[in-house]
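Printed here is query03.txt (compact mmCIF, C-alpha atoms):
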```txt
# COMPACT_ATOMS: atom_id res chain seq x y z
CA MET A 80 -19.51 29.50 -98.64
CA THR A 81 -16.29 28.19 -100.17
CA ALA A 82 -15.13 24.64 -100.56
CA ILE A 83 -13.69 23.08 -97.39
CA PRO A 84 -11.01 22.40 -98.60
CA SER A 85 -10.91 23.43 -102.25
CA PHE A 86 -10.17 20.93 -105.01
CA THR A 87 -9.56 22.20 -108.53
CA GLY A 88 -8.06 20.91 -111.74
CA ASP A 89 -7.91 17.56 -113.47
CA ALA A 90 -7.15 14.30 -111.74
CA ASN A 91 -4.64 11.96 -113.35
CA PRO A 92 -5.97 9.65 -116.08
CA TYR A 93 -7.02 6.26 -114.77
CA GLY A 94 -3.95 4.04 -114.71
CA GLY A 95 -5.44 0.77 -113.48
CA GLY A 96 -5.99 -0.76 -110.07
CA ASP A 97 -8.25 0.81 -107.43
CA PRO A 98 -9.90 3.83 -109.09
CA TYR A 99 -10.39 5.46 -105.68
CA ALA A 100 -6.68 5.33 -104.81
CA ASP A 101 -6.16 8.92 -105.97
CA TYR A 102 -9.66 10.21 -105.12
CA ARG A 103 -9.58 13.58 -103.35
CA THR A 104 -11.83 14.01 -100.34
CA ALA A 105 -11.94 15.47 -96.83
CA ASP A 106 -13.85 15.34 -93.55
CA PHE A 107 -16.55 17.97 -93.94
CA PRO A 108 -18.04 19.53 -90.78
CA PHE A 109 -21.68 19.12 -91.86
CA THR A 110 -21.95 15.44 -92.82
CA HIS A 111 -23.38 14.44 -89.43
CA HIS A 112 -26.66 15.98 -90.62
CA ALA A 113 -29.23 13.99 -92.57
CA ASP A 114 -29.00 13.83 -96.37
CA LEU A 115 -32.13 15.73 -97.41
CA ALA A 116 -31.66 14.40 -100.96
CA ASP A 117 -31.77 10.76 -99.87
CA ARG A 118 -33.90 8.62 -102.18
CA ARG A 119 -35.22 6.75 -99.13
CA LEU A 120 -36.87 9.99 -98.01
CA GLY A 121 -38.48 10.47 -101.42
CA ALA A 122 -35.93 12.71 -103.14
CA GLY A 123 -35.70 12.71 -106.92
CA VAL A 124 -34.07 14.40 -109.90
CA ILE A 125 -37.17 15.64 -111.65
CA ALA A 126 -35.63 17.35 -114.70
CA ALA A 127 -32.38 18.22 -116.45
CA ASN A 128 -31.68 20.16 -119.61
CA ASP A 129 -29.28 17.48 -120.91
CA GLU A 130 -28.26 13.93 -119.96
CA PHE A 131 -26.69 12.77 -123.20
CA PHE A 132 -23.95 10.55 -121.78
CA ALA A 133 -25.27 9.57 -118.34
CA GLN A 134 -28.65 9.82 -116.66
CA ARG A 135 -29.55 12.48 -114.13
CA GLU A 136 -31.03 9.92 -111.69
CA ASN A 137 -27.52 8.67 -110.92
CA LEU A 138 -26.94 11.83 -108.88
CA LEU A 139 -28.93 10.49 -105.92
CA VAL A 140 -27.89 6.82 -105.92
CA PRO A 141 -27.02 6.13 -102.25
CA GLU A 142 -23.93 4.02 -102.96
CA ARG A 143 -20.67 5.59 -104.08
CA ALA A 144 -20.05 5.85 -107.81
CA GLU A 145 -18.46 2.85 -109.51
CA PHE A 146 -16.09 2.84 -112.47
CA ASP A 147 -15.79 0.23 -115.22
CA PRO A 148 -13.03 1.13 -117.69
CA GLU A 149 -14.44 -1.27 -120.30
CA HIS A 150 -18.05 -0.05 -120.17
CA PHE A 151 -18.90 1.76 -123.42
CA GLY A 152 -22.17 2.26 -125.26
CA HIS A 153 -23.20 3.62 -128.63
CA LYS A 154 -22.87 7.18 -127.33
CA GLY A 155 -19.45 6.66 -125.76
CA LYS A 156 -18.09 5.95 -122.29
CA ILE A 157 -20.84 5.06 -119.83
CA MET A 158 -20.32 6.83 -116.50
CA ASP A 159 -22.01 6.30 -113.14
CA GLY A 160 -23.20 9.87 -112.76
CA TRP A 161 -24.94 12.68 -114.64
CA GLU A 162 -23.00 13.74 -117.75
CA THR A 163 -23.96 16.20 -120.46
CA ARG A 164 -22.57 16.64 -123.97
CA ARG A 165 -19.80 19.13 -124.73
CA ARG A 166 -21.11 22.62 -125.36
CA ARG A 167 -20.05 24.52 -128.48
CA GLY A 168 -20.10 28.15 -129.53
CA ALA A 169 -22.24 29.82 -132.16
CA SER A 170 -19.80 29.81 -135.08
CA ALA A 171 -16.36 28.86 -136.34
CA GLU A 172 -15.16 32.32 -135.31
CA HIS A 173 -16.55 31.75 -131.77
CA PRO A 174 -16.40 27.97 -131.16
CA TRP A 175 -16.33 28.27 -127.37
CA PRO A 176 -19.37 28.33 -125.06
CA THR A 177 -20.22 31.69 -123.55
CA ALA A 178 -19.61 32.57 -119.91
CA ASP A 179 -23.33 32.14 -119.23
CA ASP A 180 -23.71 28.71 -120.84
CA HIS A 181 -24.44 25.97 -118.31
CA ASP A 182 -26.36 22.76 -117.73
CA TRP A 183 -28.82 22.26 -114.89
CA ALA A 184 -30.77 19.64 -112.94
CA LEU A 185 -33.77 20.12 -110.65
CA ILE A 186 -33.74 18.18 -107.37
CA ARG A 187 -36.79 17.53 -105.20
CA LEU A 188 -35.61 17.14 -101.63
CA GLY A 189 -36.98 14.06 -99.92
CA ALA A 190 -37.48 16.03 -96.72
CA PRO A 191 -37.71 19.84 -96.87
CA GLY A 192 -35.39 21.59 -94.46
CA VAL A 193 -32.48 23.91 -93.76
CA VAL A 194 -29.39 23.06 -95.81
CA ARG A 195 -26.12 23.06 -93.85
CA GLY A 196 -23.76 21.67 -96.45
CA ILE A 197 -23.55 20.28 -99.98
CA VAL A 198 -21.14 17.81 -101.56
CA VAL A 199 -20.79 17.81 -105.35
CA ASP A 200 -18.94 14.57 -106.02
CA THR A 201 -17.05 14.25 -109.33
CA ALA A 202 -15.75 10.73 -108.67
CA HIS A 203 -14.25 9.20 -111.86
CA PHE A 204 -14.88 12.38 -113.84
CA ARG A 205 -11.16 13.06 -114.17
CA GLY A 206 -11.06 15.30 -117.23
CA ASN A 207 -14.75 15.67 -118.04
CA TYR A 208 -16.02 17.35 -114.87
CA PRO A 209 -17.53 20.87 -114.90
CA GLN A 210 -15.22 23.84 -114.61
CA ALA A 211 -17.46 25.27 -111.89
CA VAL A 212 -20.75 24.57 -110.13
CA SER A 213 -23.44 26.59 -108.41
CA VAL A 214 -26.49 25.57 -106.40
CA GLU A 215 -29.75 27.43 -105.76
CA GLY A 216 -32.72 26.61 -103.56
CA THR A 217 -36.41 27.43 -103.49
CA SER A 218 -39.48 26.57 -101.44
CA VAL A 219 -42.61 25.69 -103.36
CA ALA A 220 -45.56 24.00 -101.67
CA GLY A 221 -47.23 20.90 -103.00
CA SER A 222 -45.86 18.82 -105.86
CA PRO A 223 -44.72 21.34 -108.48
CA SER A 224 -43.83 20.25 -112.00
CA PRO A 225 -40.52 21.22 -113.63
CA GLU A 226 -42.42 23.89 -115.55
CA ASP A 227 -43.81 25.29 -112.29
CA LEU A 228 -40.33 25.51 -110.78
CA LEU A 229 -38.85 27.19 -113.86
CA ALA A 230 -41.59 29.83 -114.00
CA ASP A 231 -40.51 33.47 -113.82
CA ASP A 232 -42.29 34.09 -110.51
CA VAL A 233 -40.33 31.44 -108.57
CA LYS A 234 -37.64 32.95 -106.36
CA TRP A 235 -34.33 31.07 -106.20
CA THR A 236 -31.80 31.71 -103.42
CA THR A 237 -28.08 31.11 -103.96
CA LEU A 238 -26.71 28.42 -101.65
CA VAL A 239 -23.39 27.85 -103.43
CA PRO A 240 -22.16 30.66 -105.69
CA ARG A 241 -20.42 29.78 -108.94
CA THR A 242 -17.24 28.09 -107.69
CA PRO A 243 -14.45 26.17 -109.47
CA VAL A 244 -14.33 22.45 -108.64
CA GLY A 245 -11.90 19.60 -109.20
CA GLY A 246 -12.15 16.33 -111.04
CA HIS A 247 -12.39 12.96 -109.22
CA ALA A 248 -13.04 14.73 -105.92
CA ALA A 249 -15.62 15.34 -103.21
CA ASN A 250 -16.21 19.09 -103.51
CA GLY A 251 -17.76 20.26 -100.24
CA PHE A 252 -19.51 23.54 -99.50
CA ALA A 253 -20.79 24.84 -96.18
CA VAL A 254 -24.13 26.67 -96.46
CA ASP A 255 -25.29 29.42 -94.12
CA VAL A 256 -28.81 30.30 -95.23
CA GLU A 257 -31.54 30.10 -92.57
CA GLN A 258 -34.42 29.13 -94.86
CA ARG A 259 -36.50 26.02 -95.45
CA PHE A 260 -36.08 24.65 -98.98
CA THR A 261 -38.07 22.06 -100.91
CA HIS A 262 -36.13 22.00 -104.21
CA LEU A 263 -32.61 22.70 -105.48
CA ARG A 264 -31.24 23.64 -108.88
CA VAL A 265 -27.72 22.32 -109.52
CA ASN A 266 -25.81 24.09 -112.27
CA GLN A 267 -22.60 22.95 -113.93
CA HIS A 268 -20.64 25.54 -115.90
CA PRO A 269 -20.42 25.09 -118.82
CA ASP A 270 -20.94 21.31 -119.06
CA GLY A 271 -19.50 17.98 -117.90
CA GLY A 272 -20.27 15.33 -115.35
CA ILE A 273 -21.16 15.01 -111.67
CA ALA A 274 -21.25 11.57 -110.04
CA ARG A 275 -23.24 12.20 -106.86
CA LEU A 276 -24.99 15.02 -104.98
CA ARG A 277 -25.40 15.02 -101.21
CA VAL A 278 -27.44 17.71 -99.43
CA TYR A 279 -26.89 17.72 -95.66
CA GLY A 280 -29.24 19.59 -93.37
CA GLU A 281 -31.98 19.65 -90.76
CA VAL A 282 -35.45 18.38 -91.63
CA VAL A 283 -38.20 20.95 -90.97
CA PRO A 284 -41.58 19.20 -91.31
CA ASP A 285 -44.87 20.88 -92.11
CA PRO A 286 -46.67 21.28 -88.74
CA LYS A 287 -50.08 21.19 -90.46
CA TRP A 288 -49.31 17.76 -91.88
CA LEU A 289 -48.18 16.40 -88.52
CA ALA A 290 -51.28 17.84 -86.85
CA ALA A 291 -53.48 16.14 -89.45
CA LEU A 292 -51.73 12.82 -88.83
CA GLY A 293 -52.37 13.03 -85.09
CA THR A 294 -50.30 10.03 -83.98
CA PHE A 295 -47.02 9.57 -85.85
CA ASP A 296 -43.42 8.48 -85.35
CA VAL A 297 -41.96 11.44 -83.43
CA VAL A 298 -38.33 10.33 -83.90
CA ALA A 299 -38.55 9.56 -87.64
CA LEU A 300 -36.13 11.44 -89.86
CA GLU A 301 -38.86 12.45 -92.29
CA ASN A 302 -40.87 13.97 -89.41
CA GLY A 303 -37.98 16.08 -88.09
CA GLY A 304 -36.28 13.67 -85.69
CA GLY A 305 -32.53 13.22 -85.71
CA VAL A 306 -29.56 11.41 -84.23
CA GLU A 307 -27.45 13.58 -81.93
CA ASP A 308 -24.76 11.05 -81.04
CA ALA A 309 -23.99 7.34 -80.89
CA SER A 310 -21.43 5.19 -79.10
CA ASP A 311 -20.36 3.33 -82.25
CA ARG A 312 -20.75 3.75 -86.01
CA PHE A 313 -18.28 1.07 -87.06
CA TYR A 314 -20.42 -0.87 -89.55
CA SER A 315 -23.31 1.47 -90.35
CA PRO A 316 -24.66 4.90 -89.42
CA ALA A 317 -27.03 5.35 -86.50
CA THR A 318 -29.34 7.47 -88.69
CA ASN A 319 -30.40 4.25 -90.44
CA THR A 320 -32.56 3.49 -87.41
CA ILE A 321 -34.93 6.39 -88.18
CA GLN A 322 -35.13 6.02 -91.96
CA PRO A 323 -38.53 5.31 -93.57
CA GLY A 324 -39.81 1.76 -93.94
CA ARG A 325 -38.40 -1.49 -92.67
CA SER A 326 -34.79 -2.46 -93.21
CA ARG A 327 -34.24 -4.41 -96.45
CA LYS A 328 -30.79 -5.84 -95.69
CA MET A 329 -28.33 -6.10 -92.84
CA ASP A 330 -26.40 -2.89 -93.54
CA ASP A 331 -29.66 -0.91 -93.72
CA GLY A 332 -29.72 -0.83 -89.91
CA TRP A 333 -27.24 0.04 -87.15
CA GLU A 334 -24.59 -2.48 -86.18
CA THR A 335 -21.69 -1.95 -83.78
CA ARG A 336 -18.34 -3.69 -83.51
CA ARG A 337 -17.99 -6.55 -81.02
CA ARG A 338 -17.37 -5.31 -77.49
CA ARG A 339 -14.69 -6.92 -75.37
CA ASP A 340 -15.50 -5.00 -72.18
CA GLN A 341 -18.44 -4.76 -69.78
CA GLY A 342 -20.00 -1.68 -71.41
CA ASN A 343 -22.92 -1.24 -73.80
CA ASP A 344 -23.75 0.72 -76.95
CA TRP A 345 -26.33 3.48 -77.38
CA ILE A 346 -27.87 6.11 -79.66
CA ARG A 347 -29.18 9.50 -78.50
CA TYR A 348 -31.98 11.12 -80.52
CA ARG A 349 -33.66 14.52 -80.81
CA LEU A 350 -37.43 14.27 -81.37
CA ALA A 351 -39.37 16.35 -83.88
CA GLU A 352 -40.39 18.57 -80.95
CA GLN A 353 -41.77 18.03 -77.46
CA SER A 354 -44.01 15.00 -77.76
CA GLU A 355 -46.14 12.51 -75.86
CA ILE A 356 -44.80 9.01 -76.60
CA ARG A 357 -47.36 6.22 -76.22
CA ALA A 358 -45.81 3.21 -78.01
CA ILE A 359 -42.37 1.91 -79.03
CA GLU A 360 -41.13 -0.37 -81.78
CA ILE A 361 -37.62 -1.85 -81.84
CA ASP A 362 -36.94 -3.80 -85.02
CA THR A 363 -34.00 -6.17 -85.55
CA ALA A 364 -34.88 -7.09 -89.16
CA TYR A 365 -32.02 -8.87 -91.02
CA LEU A 366 -29.87 -8.87 -87.87
CA LYS A 367 -29.93 -12.61 -87.31
CA GLY A 368 -26.65 -13.51 -85.61
CA ASN A 369 -25.68 -10.01 -84.56
CA SER A 370 -28.80 -8.37 -83.14
CA ALA A 371 -28.63 -6.70 -79.73
CA GLY A 372 -29.35 -9.06 -76.85
CA TRP A 373 -31.36 -6.57 -74.78
CA ALA A 374 -32.50 -2.97 -75.15
CA SER A 375 -33.91 -0.19 -73.01
CA VAL A 376 -35.34 3.22 -73.89
CA SER A 377 -35.00 6.42 -71.85
CA VAL A 378 -36.27 9.96 -72.47
CA LYS A 379 -35.78 13.47 -71.16
CA ASP A 380 -37.73 16.72 -71.53
CA GLY A 381 -35.50 19.66 -72.51
CA GLU A 382 -31.73 19.89 -72.80
CA SER A 383 -31.32 20.11 -69.03
CA GLY A 384 -33.97 17.49 -68.23
CA GLU A 385 -33.23 14.30 -66.32
CA TRP A 386 -33.14 10.98 -68.14
CA ARG A 387 -35.82 8.50 -67.09
CA GLU A 388 -36.39 4.98 -68.30
CA ILE A 389 -39.70 4.28 -70.08
CA LEU A 390 -38.84 0.78 -71.35
CA PRO A 391 -36.72 -1.30 -68.98
CA ARG A 392 -33.98 -3.58 -70.27
CA THR A 393 -35.88 -6.09 -72.41
CA ARG A 394 -34.79 -9.22 -74.26
CA LEU A 395 -34.70 -8.88 -78.05
CA GLN A 396 -35.10 -11.61 -80.64
CA PRO A 397 -33.16 -11.71 -83.91
CA ASP A 398 -34.88 -10.55 -87.14
CA THR A 399 -38.02 -9.49 -85.24
CA ASN A 400 -40.12 -6.37 -84.80
CA HIS A 401 -40.83 -5.82 -81.09
CA ARG A 402 -43.82 -3.66 -80.05
CA PHE A 403 -44.48 -2.12 -76.65
CA VAL A 404 -47.48 -0.07 -75.48
CA LEU A 405 -46.50 2.24 -72.61
CA PRO A 406 -48.68 2.21 -69.49
CA GLU A 407 -48.79 6.02 -69.62
CA ALA A 408 -47.66 8.66 -72.12
CA ALA A 409 -44.10 9.95 -71.71
CA VAL A 410 -43.48 13.65 -72.45
CA ALA A 411 -40.04 14.22 -73.99
CA THR A 412 -37.88 16.16 -76.42
CA HIS A 413 -35.03 13.60 -76.52
CA ALA A 414 -34.75 9.82 -76.41
CA ARG A 415 -31.99 7.29 -75.96
CA VAL A 416 -31.88 3.60 -76.82
CA ASP A 417 -29.29 1.45 -75.03
CA ILE A 418 -28.43 -1.98 -76.39
CA TYR A 419 -26.68 -4.68 -74.39
CA PRO A 420 -23.94 -5.52 -74.80
CA ASP A 421 -23.45 -4.72 -78.50
CA GLY A 422 -24.81 -5.77 -81.90
CA GLY A 423 -27.51 -3.79 -83.59
CA ILE A 424 -31.08 -2.79 -84.28
CA SER A 425 -32.53 -1.88 -87.65
CA ARG A 426 -35.24 0.62 -86.69
CA LEU A 427 -36.58 2.53 -83.68
CA ARG A 428 -40.13 3.92 -83.78
CA LEU A 429 -41.59 6.17 -81.09
CA HIS A 430 -45.28 6.62 -81.75
CA GLY A 431 -47.05 9.61 -80.26
CA SER A 432 -48.05 13.20 -80.95
CA LEU A 433 -46.79 16.71 -80.35
CA THR A 434 -47.73 18.47 -77.14
CA ALA A 435 -49.37 21.87 -77.46
CA GLU A 436 -46.05 23.47 -76.51
CA GLY A 437 -44.15 21.38 -79.05
CA ALA A 438 -46.62 22.13 -81.83
CA ALA A 439 -46.43 25.88 -81.12
CA ARG A 440 -42.62 25.88 -81.26
CA LEU A 441 -42.54 23.86 -84.47
CA THR A 442 -45.11 26.16 -86.11
CA ALA A 443 -43.11 29.24 -85.12
CA ARG A 444 -39.88 27.81 -86.55
CA HIS A 445 -41.63 26.74 -89.75
CA GLN A 446 -42.89 30.30 -90.24
CA GLU A 447 -39.51 31.87 -89.39
CA LEU A 448 -37.84 29.74 -92.06
CA GLY A 449 -40.32 30.79 -94.73
CA GLY A 450 -42.38 27.59 -94.71
```
Once you've parsed the file, please lay out its structure as structure tokens.
Amino acid sequence: MTAIPSFTGDANPYGGGDPYADYRTADFPFTHHADLADRRLGAGVIAANDEFFAQRENLLVPERAEFDPEHFGHKGKIMDGWETRRRRGASAEHPWPTADDHDWALIRLGAPGVVRGIVVDTAHFRGNYPQAVSVEGTSVAGSPSPEDLLADDVKWTTLVPRTPVGGHAANGFAVDVEQRFTHLRVNQHPDGGIARLRVYGEVVPDPKWLAALGTFDVVALENGGGVEDASDRFYSPATNTIQPGRSRKMDDGWETRRRRDQGNDWIRYRLAEQSEIRAIEIDTAYLKGNSAGWASVSVKDGESGEWREILPRTRLQPDTNHRFVLPEAAVATHARVDIYPDGGISRLRLHGSLTAEGAARLTARHQELGG
């Protein structure tokens, strides 16, 4: 559970030009997972002990942090992140903070699940970043208040031990804890600023909630669906197609580069569990001159199952939500949408319900992970 790779120490002071020119980052092996702390899934920063210079809510802003060298307020430099005041010791003889002094923020995950990796991004915090960070997780049912989470009887599990970090850098940590978490506590030692927090992992939905819903979107990210692979991610990630709600702008969907061959683009999905699919929606909202021309949907049951088409190649219209009722339910664990020849879709919805076998497996995994 160490940084991959490790960044430490100050970055150079900002010298003008592109502030990201000297930003330190890397390709982390866990970023193909969903961001469980995505605001679109309902995540939030519900409390922090201090946010004197910059507000805690900035941690979960989906866009990268921006930097304006001229932006000052009555408290000082305004940063696009969460920044606390400088800690001080108890007296003139001991002006330094103690080894245990730290600031903290409580994060409600938008979708509870197993955390596979965390990125603590200190973009633009060049000399005012924390010396070290640590992250803990807990699982508390319902909608607990900050006071509930900070109670003595709540058990917190270490996901990232106290680890030095660097300024103006994406500090990545792999996590290997097989538990389902609903909330995180991010600690910065002893103080400083963090621009963004990303929590990558696998959504583990509550099987009782899905059973109560009956029919639901079995490929939706919030219900435990996921993208396994895609032919092209040039303009936007394929996971956008299973985010909650309708797309609100063009880059809130999936768009591929222009093909110059006779092939086609596709996305392969993993469903929440084995399901019976009864209806399909393919939305091209905000894709007006670049929507896919045609689309088809195929499914398979099990990793070794055979693909079979349940929606034949069908003409799509720009900026339109297309709905299809299947003549008979299709049992599947995986789905694939093919678009022809290229372009994009904004959302895919597969409406159905878990099979008895799928519900049993999901319940067993939920219990194994402490849900």
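Between atom CA of A:Arg264 and atom CA of A:Asp89 lies a distance of 24.5 Å.
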Determine the nearest neighbour of A:Glu355 from the options A:Gly324, A:Gly437, A:Met329, A:Trp373, counting only C-alpha atoms. A:Gly437
Exercise: A:Phe131 partners within 8 Å, all atoms listed in the file, chain neighbours under 3 positions left out, as number ranges by chain: A: 134, 154, 162-164
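Note that the spacing between atom CA of A:Gly251 and atom CA of A:Pro191 amounts to 20.2 Å.
In this model, the gap between atom CA of A:Ser213 and atom CA of A:Pro243 comes to 9.1 Å.
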I'd like to know which of A:His268, A:His153, A:Arg277, A:Lys234 is closest to A:Ile197, using only C-alpha atoms. A:Arg277
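By all atoms listed in the file, and with residues fewer than 5 positions from stretch 104-106 of chain A along its chain excluded, the set lying at most 10 Å from it is Ile83, Pro84, Ser85, Phe86, Asp200, Ala202, His247, Ala248, Ala249, Asn250 and Gly251 of chain A.
With only C-alpha atoms as the basis for measurement, A:Val214 is the residue among A:Leu366, A:Ala178, A:Val199, A:Val214 that approaches A:Leu238 most closely.
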Top pick for closest residue to A:Thr261, considering A:Arg241, A:Arg103, A:Arg118, A:Arg187 and counting only C-alpha atoms: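 Smallest separation from A:Thr261 among the options: A:Arg187.
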Need to verify the contact set: A:Ile356, 9 Å, only C-alpha atoms, exclusion of same-chain residues closer than 4 positions in sequence. Can you return it as a PyMOL selection string? chain A and resi 296-297+405+407-411+429-433
Using all atoms of stretch 112-120 of chain A that appear in the file, construct an axis-aligned enclosing box with 6 Å of padding on every side and provide its centre coordinates and edge lengths in Å, rounded to one decimal, as lines of an AutoDock Vina configuration file.
```
center_x = -31.8
center_y = 11.4
center_z = -96.4
size_x = 22.2
size_y = 21.2
size_z = 23.6
```
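Here the question is which of A:Glu215, A:Asp114, A:Glu334, A:Asp231 gets nearest to A:Tyr279 using all atoms listed in the file, and that residue is A:Asp114.
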Selection: 6 Å around stretch 389-395 of chain A, only C-alpha atoms, excl. self and same-chain fewer than 5 positions, as a list in words: Gly372, Trp373, Ala374, Ser375, Val376 and Ser377 of chain A
Using all atoms listed in the file, which protein or nucleic acid residues come within 8 Å of A:Thr318? Drop anything in the same chain fewer than 3 positions from it, and give the result as a short mmCIF file (atom, residue, chain, number, x, y, z; two decimals) with C-alpha atoms, in the frame of the given file.
```cif
data_model
loop_
_atom_site.label_atom_id
_atom_site.label_comp_id
_atom_site.auth_asym_id
_atom_site.auth_seq_id
_atom_site.Cartn_x
_atom_site.Cartn_y
_atom_site.Cartn_z
CA ALA A 113 -29.23 13.99 -92.57
CA LEU A 300 -36.13 11.44 -89.86
CA GLY A 305 -32.53 13.22 -85.71
CA VAL A 306 -29.56 11.41 -84.23
CA ILE A 321 -34.93 6.39 -88.18
CA GLN A 322 -35.13 6.02 -91.96
CA TRP A 333 -27.24 0.04 -87.15
#
```
Counting only C-alpha atoms, which of A:Ala291, A:Ala127, A:Leu188, A:Leu350 gets nearest to A:Phe260?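 Residue with the minimum atom-to-atom distance to A:Phe260: A:Leu188.
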Neighbour residues at most 7 Å from (-20.0, 8.6, -119.7) (all atoms listed in the file) as a short mmCIF file (atom, residue, chain, number, x, y, z; two decimals) with C-alpha atoms, in the frame of the given file:
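As a result, point_13.cif now contains:
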```cif
data_model
loop_
_atom_site.label_atom_id
_atom_site.label_comp_id
_atom_site.auth_asym_id
_atom_site.auth_seq_id
_atom_site.Cartn_x
_atom_site.Cartn_y
_atom_site.Cartn_z
CA PHE A 132 -23.95 10.55 -121.78
CA ALA A 133 -25.27 9.57 -118.34
CA GLY A 155 -19.45 6.66 -125.76
CA LYS A 156 -18.09 5.95 -122.29
CA ILE A 157 -20.84 5.06 -119.83
CA MET A 158 -20.32 6.83 -116.50
CA GLU A 162 -23.00 13.74 -117.75
#
```
May I have a table of the residues of stretch 180-224 of chain A lying at most 9 Å from stretch 90-101 of chain A, giving each one's closest pair of atoms and their distance in Å to one decimal, counting all atoms listed in the file, ordered by chain and ascending residue number, as CSV?
```
residue,atom,partner,partner_atom,distance
A:Ala202,CA,A:Tyr99,CA,8.1
A:His203,CA,A:Pro98,CA,7.4
A:Phe204,CA,A:Ala90,CA,8.2
A:Arg205,CA,A:Ala90,CA,4.9
A:Gly206,CA,A:Ala90,CA,6.8
```
Export stretch 258-290 of chain A of the preceding structure, keeping C-alpha atoms, as a short mmCIF file (atom, residue, chain, number, x, y, z; two decimals), in the first residue's frame.
```
data_model
loop_
_atom_site.label_atom_id
_atom_site.label_comp_id
_atom_site.auth_asym_id
_atom_site.auth_seq_id
_atom_site.Cartn_x
_atom_site.Cartn_y
_atom_site.Cartn_z
CA GLN A 258 -14.35 -4.97 2.50
CA ARG A 259 -17.34 -2.90 1.44
CA PHE A 260 -17.06 0.72 2.58
CA THR A 261 -19.63 3.50 2.71
CA HIS A 262 -17.50 6.36 4.10
CA LEU A 263 -13.86 7.45 4.17
CA ARG A 264 -11.87 9.68 6.50
CA VAL A 265 -9.03 11.53 4.78
CA ASN A 266 -6.32 12.83 7.09
CA GLN A 267 -3.58 15.31 6.25
CA HIS A 268 -0.61 15.51 8.61
CA PRO A 269 -0.25 18.06 10.08
CA ASP A 270 -2.09 20.53 7.79
CA GLY A 271 -2.08 21.94 4.26
CA GLY A 272 -4.04 21.53 1.07
CA ILE A 273 -5.37 18.77 -1.17
CA ALA A 274 -6.89 19.66 -4.55
CA ARG A 275 -8.84 16.52 -5.45
CA LEU A 276 -9.64 13.06 -4.09
CA ARG A 277 -10.43 10.10 -6.34
CA VAL A 278 -11.54 6.74 -4.91
CA TYR A 279 -11.43 3.94 -7.49
CA GLY A 280 -13.18 0.65 -6.84
CA GLU A 281 -15.98 -1.81 -7.50
CA VAL A 282 -19.55 -0.89 -6.63
CA VAL A 283 -21.24 -3.42 -4.32
CA PRO A 284 -24.96 -2.60 -4.15
CA ASP A 285 -27.31 -3.54 -1.34
CA PRO A 286 -29.19 -6.65 -2.57
CA LYS A 287 -32.20 -5.81 -0.37
CA TRP A 288 -32.58 -2.46 -2.11
CA LEU A 289 -32.39 -4.01 -5.57
CA ALA A 290 -34.92 -6.67 -4.57
#
```
